[in-house]
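Trainee: Sharing a structure here in structure tokens format.
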Amino acid sequence: MVKLGFWQLDRARQKERLQEDYRARQQLPTLVTDRAPSDPRTGRRLELRGSWLAAPQLLLDNQTRGRRPGYYVYSAFQAARGAAWILVNRGWIEAGPRREQAPEVGLHGGAAVLRGTLVKPTVTGLRLDNALRTEQLAPGLHRVQHLEPTVLERIFGSTPIPLELLLDPDQEQGYLRTWKAPVSRRGPEINRGYAFQWFCMAATVLIIYLVLGFRAATRRRGDAT
């Protein structure tokens, strides 16, 4: 148990370093380009010239805000140069009152200049049996459970670069956007809490062991007399 506690503390330190690296990269000059970025590191600010692909669009399921169910809205953006494209998180939208009801999601395709932050693709929950399931709620609008490469290739016919772009809040064609550093979604404080629990359990077991040992020794002394 003590080892598990120290392991959780080590995980907390790793996440803190990731947060520091993320914040440091956000302080770098914005990368202005017309090609999809090839640097896999997250946190870099990006200004990308290219074109929106009006369809298909994705709704990433099981995203809540203030206990309200909803989706992240994703659209594809083709860089002006090269064949690579990137998946853009346009923000959060509330789900309809009925599961089968598609929210109103619009997008004006065509040339644009996007500004945002590069992050790793959003990870949601456990991979259950329905991880690769997709549902077409309307023409060109798909509800997905995970942003798996196989799912994206099935819908788009190809896969994007292994990053997503969090669209800046002041950019057009977006929804509710209150981005946080991705490594903070389950930040180091979670691991410190787990470490505290493991240390408490270890201390409890030790106390029980000492109490039982003391009682046994007392009984043995009583029997000897």
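By convention here, the chains of the structure tokens are called A, B, ... in the order presented, each chain's residues are numbered starting at 1, and ligands are numbered starting at 1 in the order presented.
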Could you list, as a list in words, every residue within 12 Å of Leu152 in chain A, counting only C-alpha atoms and ignoring same-chain residues fewer than 4 positions away?
Mentor: Pro56, Gln57, Leu58, Leu60, Tyr74, Ser75, Ala76, Trp85, Ile86, Leu87, Pro121, Leu132, Arg133, Thr134, His142, Arg143, Val144, Gln145, His146, Leu147, Glu148, Phe156, Gly157, Ser158, Thr159, Pro160, Ile161 and Pro162 of chain A
Trainee: For CA of Arg35 in chain A and CA of Ala112 in chain A, determine how far apart the two atoms are, in Å to one decimal place.
Mentor: 13.2 Å
Trainee: Arg99 in chain A: which residues within 12 Å, counting only C-alpha atoms, same-chain residues fewer than 5 positions away excluded, as a PyMOL selection string?
Mentor: chain A and resi 61-62+69-71+94+135+137+143
Trainee: Residues near Pro103 in chain A, anyone? I mean within 8 Å using only C-alpha atoms, not counting same-chain ones fewer than 2 positions away, as a short mmCIF file (atom, residue, chain, number, x, y, z; two decimals) with N, CA and C atoms, in the first residue's frame.
Mentor:
data_model
loop_
_atom_site.label_atom_id
_atom_site.label_comp_id
_atom_site.auth_asym_id
_atom_site.auth_seq_id
_atom_site.Cartn_x
_atom_site.Cartn_y
_atom_site.Cartn_z
N ILE A 93 -21.85 21.78 -27.24
CA ILE A 93 -23.24 22.12 -27.53
C ILE A 93 -24.13 21.20 -26.72
N GLU A 94 -25.24 21.74 -26.23
CA GLU A 94 -26.15 20.94 -25.41
C GLU A 94 -26.92 19.94 -26.26
N ALA A 95 -27.13 18.74 -25.70
CA ALA A 95 -27.91 17.72 -26.40
C ALA A 95 -29.39 18.08 -26.35
N GLY A 96 -30.14 17.50 -27.26
CA GLY A 96 -31.58 17.72 -27.29
C GLY A 96 -32.29 16.95 -26.19
N GLN A 101 -32.74 13.05 -31.17
CA GLN A 101 -32.85 14.38 -31.75
C GLN A 101 -31.46 14.96 -31.99
N VAL A 105 -26.42 22.01 -35.81
CA VAL A 105 -24.99 22.22 -36.01
C VAL A 105 -24.78 22.71 -37.43
#
Trainee: Can you tell me, as a ChimeraX atom specification, which residues in range 13-199 of chain A count as strand (DSSP E) by DSSP?
Mentor: /A:31-33,45-65,68-79,85-94,110-119,134-138,141-144,164-167
Trainee: What lies within 12 Å of Asp10 in chain A using only C-alpha atoms, ignoring chain neighbours under 2 positions off, as a PyMOL selection string?
Mentor: chain A and resi 3-8+12-17+188-189+191-192+194-195
Trainee: Give me, please, the distance in Å between CA of Glu47 in chain A and CA of Asp34 in chain A, quoted to one decimal.
Mentor: 8.4 Å
Trainee: With DSSP run on the backbone, what are the alpha helix (DSSP H) residues within range 74-159 of chain A? I'd like them as a list in words.
Mentor: Pro149, Thr150, Val151, Leu152, Glu153, Arg154, Ile155 and Phe156 of chain A
Trainee: Can those selected residues be exported to a file as a CSV table (one decimal), in the first residue's frame so that it contains N, CA and C atoms?
Mentor:
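The file below, out.csv, is the result:
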chain,number,residue,atom,x,y,z
A,149,PRO,N,-9.0,6.1,-34.7
A,149,PRO,CA,-8.6,6.2,-36.1
A,149,PRO,C,-9.5,5.4,-37.0
A,150,THR,N,-9.9,4.2,-36.6
A,150,THR,CA,-10.7,3.4,-37.4
A,150,THR,C,-12.1,4.0,-37.7
A,151,VAL,N,-12.6,4.7,-36.6
A,151,VAL,CA,-13.9,5.4,-36.8
A,151,VAL,C,-13.7,6.6,-37.7
A,152,LEU,N,-12.7,7.4,-37.6
A,152,LEU,CA,-12.5,8.5,-38.4
A,152,LEU,C,-12.3,8.1,-39.9
A,153,GLU,N,-11.5,7.1,-40.1
A,153,GLU,CA,-11.3,6.6,-41.5
A,153,GLU,C,-12.6,6.1,-42.1
A,154,ARG,N,-13.4,5.5,-41.3
A,154,ARG,CA,-14.7,5.0,-41.8
A,154,ARG,C,-15.6,6.2,-42.2
A,155,ILE,N,-15.6,7.2,-41.5
A,155,ILE,CA,-16.5,8.4,-41.8
A,155,ILE,C,-15.9,9.3,-42.8
A,156,PHE,N,-14.6,9.6,-42.7
A,156,PHE,CA,-14.0,10.6,-43.6
A,156,PHE,C,-13.3,10.0,-44.8
Trainee: Which residue gives the smallest distance to Asp39 in chain A among A:Leu163, A:Gln171, A:Leu176, A:Ala138, with only C-alpha atoms counted?
Mentor: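 Once distances to Asp39 in chain A are computed over only C-alpha atoms, the minimum belongs to A:Leu163.
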Trainee: Just checking: using only C-alpha atoms, which residue out of A:Ala217, A:Leu118, A:Ala36, A:Ala84 ends up closest to Leu167 in chain A?
Mentor: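 Under the stated criterion, the closest residue is A:Leu118.
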Trainee: Between A:Gly43, A:Phe196, A:Ala202, A:Val211, which residue has the minimum interatomic distance to Glu20 in chain A, considering only C-alpha atoms?
Mentor: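 Using only C-alpha atoms, the shortest distance to Glu20 in chain A belongs to A:Gly43.
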Trainee: Please list as a list in words every residue within 9 Å of Arg49 in chain A, counting only C-alpha atoms and excluding residues in the same chain fewer than 3 positions away.
Mentor: Val32, Thr33, Asp34, Arg35, Gln78, Ala79, Ala80, Arg81, Ala111, Ala112, Val113 and Leu114 of chain A
Trainee: Restricting it to C-alpha atoms, dump the selection as an mmCIF file, in the first residue's frame.
Mentor:
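Final output, part.cif:
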data_model
loop_
_atom_site.group_PDB
_atom_site.id
_atom_site.type_symbol
_atom_site.label_atom_id
_atom_site.label_comp_id
_atom_site.auth_asym_id
_atom_site.auth_seq_id
_atom_site.Cartn_x
_atom_site.Cartn_y
_atom_site.Cartn_z
ATOM 1 C CA VAL A 32 1.731 30.511 -38.632
ATOM 2 C CA THR A 33 1.509 28.028 -41.480
ATOM 3 C CA ASP A 34 -0.492 26.715 -44.409
ATOM 4 C CA ARG A 35 0.546 23.093 -43.754
ATOM 5 C CA GLN A 78 -7.864 20.883 -44.825
ATOM 6 C CA ALA A 79 -4.522 22.720 -44.788
ATOM 7 C CA ALA A 80 -3.931 24.961 -47.810
ATOM 8 C CA ARG A 81 -0.794 23.029 -48.762
ATOM 9 C CA ALA A 111 -11.353 29.118 -47.059
ATOM 10 C CA ALA A 112 -10.530 30.306 -43.558
ATOM 11 C CA VAL A 113 -7.707 31.097 -41.164
ATOM 12 C CA LEU A 114 -8.032 29.256 -37.850
#
Trainee: Calculate how many Å separate CA of Leu212 in chain A from CA of Trp198 in chain A, rounding to one decimal.
Mentor: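 Calculated distance between CA of Leu212 in chain A and CA of Trp198 in chain A is 21.1 Å.
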Trainee: Tell me, as a list of chain:residue names, which residues lie within 9 Å of Arg90 in chain A, counting only C-alpha atoms; anything in the same chain fewer than 6 positions away does not count.
Mentor: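 Near neighbours after the sequence-gap exclusion: A:Tyr72, A:Val73, A:Tyr74, A:Ser75, A:Leu165, A:Leu166, A:Leu167, A:Asp168, A:Pro169, A:Gln173, A:Gly174, A:Tyr175, A:Leu176, A:Arg177.
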